[in-house]
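Input: a single structure, listed below in structure tokens.
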Amino acid sequence: MTSSDLDGTGAPAPDRLVGSDRVLAVLSALAKRPEGATLDELAHAVDSPKSTVHRALASLRRANFAAQLGRGVYVVGDEFLRLALENQSARPEGRAVEPVLSRLSERFGETAHYAVLDGDEVVSRAKVDPASGSVRLTSVVGGRNPAYRTAVGKLLLSAACASADELAAVVGTGPFERRTANTVGTLDALWSEIQLTRERGWATDDQENELGVNCLAVPGHFGPAGAMSGAVSVSALAFRTPLAALVESVGEIRSIVDARPTGPQ
């Protein structure tokens, strides 16, 4: 810890990143910049002096979690990528999810996702795009979206929140940003959708997160003993697969997701 990390009393300055927190913040900032980042850019991103960020980068480089390219540009190191990919591929749910997403994508000719809830956001854990089609979704594995305006989010919130108060504790009291004209804007409206979702067991996104893209989500029971571990969705281009078509096929979507593989994994 240096003097720049302390306030006038010698205690850590409020909200100042120190020690391992600083190293992790720099790694997180670096991971969000796949094209690389300079020392100045990283210092600005984590709101810390360049000297302290430089020390954090030195620690990351010693572990091969960061690497330096020419002209002072830093990127995530190969060892960090190796560990992340190894962990992802080895997760039991990952081995079970990928074949399901592939079958959904092949059946509907659209993109299939698997996502989990993290606070008030959903995180994409897996994605399979259709083999054909010139237009693809821009979503990425690891990408985040507010739960209130996505089908997977509303489904996961319906499992996590038993009352409007519990829902407010997760997503806030609103009003919520309306990404499109269809986006839910109030807590009352969202709670109504959550109740409907719980009753029928599936959720929809009618171009609420992105214009031109609709989605239907069902539970994904890939946890121990078949426990619900996340949500599986078919995300479709509205001009190609209208939401009504997905709703008509909800039984088939559920059957594909709930089917248990019979071959070796």
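Each chain in the structure tokens gets a letter, A, B and so on, in the order shown; residues start at 1 in every chain, and ligands are counted from 1 in the order they appear.
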Inset, instruction - Could you give me, as a PyMOL selection string, the residues within 6 Å of region 216-230 of chain A, counting only C-alpha atoms and dropping anything in the same chain fewer than 5 positions from it? - result: chain A and resi 93+115-116+151-152+202-204
Legend entry - Residues within 7 Å of Gly142 (chain A), only C-alpha atoms, excluding chain neighbours under 4 positions, as a ChimeraX atom specification: /A:123-125
The selected residues should be written to file as a PDB file, in the first residue's frame (atoms: C-alpha atoms).
```pdb
ATOM      1  CA  VAL A 123     -25.415 -13.625 -17.567  1.00  0.00           C
ATOM      2  CA  SER A 124     -25.170 -15.709 -20.726  1.00  0.00           C
ATOM      3  CA  ARG A 125     -23.337 -18.969 -19.963  1.00  0.00           C
TER       4      ARG A 125
END
```
Inset, instruction - From region 5-251 of chain A, collect each residue whose DSSP state is helix (DSSP H, G or I) and return the set as JSON, numbers by chain. - result: {"A": [5, 19, 20, 21, 22, 23, 24, 25, 26, 27, 28, 29, 30, 31, 39, 40, 41, 42, 43, 44, 45, 46, 50, 51, 52, 53, 54, 55, 56, 57, 58, 59, 60, 61, 62, 70, 71, 72, 78, 79, 80, 81, 82, 83, 84, 85, 86, 87, 88, 89, 90, 92, 93, 94, 95, 96, 97, 98, 99, 100, 101, 102, 103, 104, 105, 106, 107, 108, 147, 148, 149, 151, 152, 153, 154, 155, 156, 157, 158, 159, 160, 164, 165, 166, 167, 168, 169, 170, 171, 187, 188, 189, 190, 191, 192, 193, 194, 195, 196, 197, 198, 199, 200, 224, 225, 226, 243, 244, 245, 246, 247, 248, 250, 251]}
Inset, instruction - From a DSSP calculation on the backbone, collect every residue of region 27-97 of chain A in strand (DSSP E or B) and output the set as a ChimeraX atom specification. - result: /A:37-38,66-68,73-76
Legend entry - Proximity to Gly153 (chain A) - best of A:Ala231, A:Ala84, A:Ala96, A:Val128, only C-alpha atoms: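 Answer, going by the shortest atom-to-atom distance: A:Ala231.
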Legend entry - For region 180-192 of chain A: contacts at 12 Å, only C-alpha atoms, fewer than 5 positions along chain excluded, given as a PyMOL selection string: chain A and resi 146-151+153-155+157-158+161-175+197-199+203-214
Inset, instruction - Within 8 Å of Ala67 (chain A), counting only C-alpha atoms, which residues show up once you throw out same-chain ones fewer than 5 positions away? Write them as a PyMOL selection string, please. - result: chain A and resi 61+74-77
Inset, instruction - Give me the residues within 10 Å of region 36-45 of chain A as a ChimeraX atom specification, counting only C-alpha atoms and dropping any in the same chain fewer than 6 places off. - result: /A:25-30,51-54,57,67-69,71-76
Next, the residues of the selection above should be written as a compact mmCIF listing (two decimals), in the first residue's frame with N, CA and C atoms.
```txt
# COMPACT_ATOMS: atom_id res chain seq x y z
N ALA A 25 -9.60 -5.72 -9.99
CA ALA A 25 -10.26 -4.66 -10.77
C ALA A 25 -9.54 -4.42 -12.08
N VAL A 26 -8.21 -4.44 -12.05
CA VAL A 26 -7.43 -4.25 -13.27
C VAL A 26 -7.66 -5.42 -14.23
N LEU A 27 -7.69 -6.63 -13.69
CA LEU A 27 -7.94 -7.80 -14.53
C LEU A 27 -9.33 -7.71 -15.17
N SER A 28 -10.33 -7.30 -14.39
CA SER A 28 -11.68 -7.15 -14.93
C SER A 28 -11.73 -6.10 -16.02
N ALA A 29 -11.06 -4.97 -15.80
CA ALA A 29 -11.04 -3.91 -16.81
C ALA A 29 -10.33 -4.38 -18.07
N LEU A 30 -9.27 -5.15 -17.89
CA LEU A 30 -8.53 -5.67 -19.04
C LEU A 30 -9.38 -6.65 -19.84
N SER A 51 0.83 4.47 -11.20
CA SER A 51 1.88 3.69 -10.53
C SER A 51 1.29 2.46 -9.84
N THR A 52 0.12 2.60 -9.23
CA THR A 52 -0.49 1.45 -8.55
C THR A 52 -1.05 0.45 -9.55
N VAL A 53 -1.61 0.95 -10.65
CA VAL A 53 -2.10 0.05 -11.70
C VAL A 53 -0.94 -0.71 -12.32
N HIS A 54 0.20 -0.03 -12.47
CA HIS A 54 1.37 -0.69 -13.04
C HIS A 54 1.82 -1.84 -12.15
N LEU A 57 -0.55 -4.71 -12.68
CA LEU A 57 -0.24 -5.38 -13.94
C LEU A 57 0.99 -6.28 -13.80
N ALA A 67 -0.55 -9.88 -20.34
CA ALA A 67 0.63 -9.83 -21.20
C ALA A 67 0.73 -8.44 -21.82
N GLN A 68 1.96 -8.05 -22.14
CA GLN A 68 2.17 -6.74 -22.74
C GLN A 68 2.51 -6.89 -24.20
N LEU A 69 1.75 -6.18 -25.02
CA LEU A 69 2.05 -6.13 -26.44
C LEU A 69 2.98 -4.95 -26.70
N ARG A 71 4.33 -1.25 -27.70
CA ARG A 71 3.89 0.12 -27.45
C ARG A 71 3.00 0.25 -26.22
N GLY A 72 3.28 -0.54 -25.20
CA GLY A 72 2.61 -0.36 -23.92
C GLY A 72 1.15 -0.74 -23.87
N VAL A 73 0.74 -1.67 -24.71
CA VAL A 73 -0.65 -2.14 -24.70
C VAL A 73 -0.71 -3.48 -23.98
N TYR A 74 -1.66 -3.60 -23.05
CA TYR A 74 -1.79 -4.82 -22.26
C TYR A 74 -3.05 -5.59 -22.67
N VAL A 75 -2.96 -6.91 -22.59
CA VAL A 75 -4.09 -7.78 -22.89
C VAL A 75 -4.17 -8.88 -21.82
N VAL A 76 -5.32 -9.56 -21.77
CA VAL A 76 -5.47 -10.70 -20.89
C VAL A 76 -4.50 -11.80 -21.34
```
Inset, instruction - Please identify all polymer residues within 9 Å of Gly109 (chain A), counting only C-alpha atoms, omitting same-chain residues fewer than 6 positions from it, and present them as a PyMOL selection string. - result: chain A and resi 129-133+236+241
Legend entry - For Ser48 (chain A), the nearest of the candidates A:Arg22, A:Arg240, A:Arg179, A:Arg95, counting only C-alpha atoms: A:Arg22
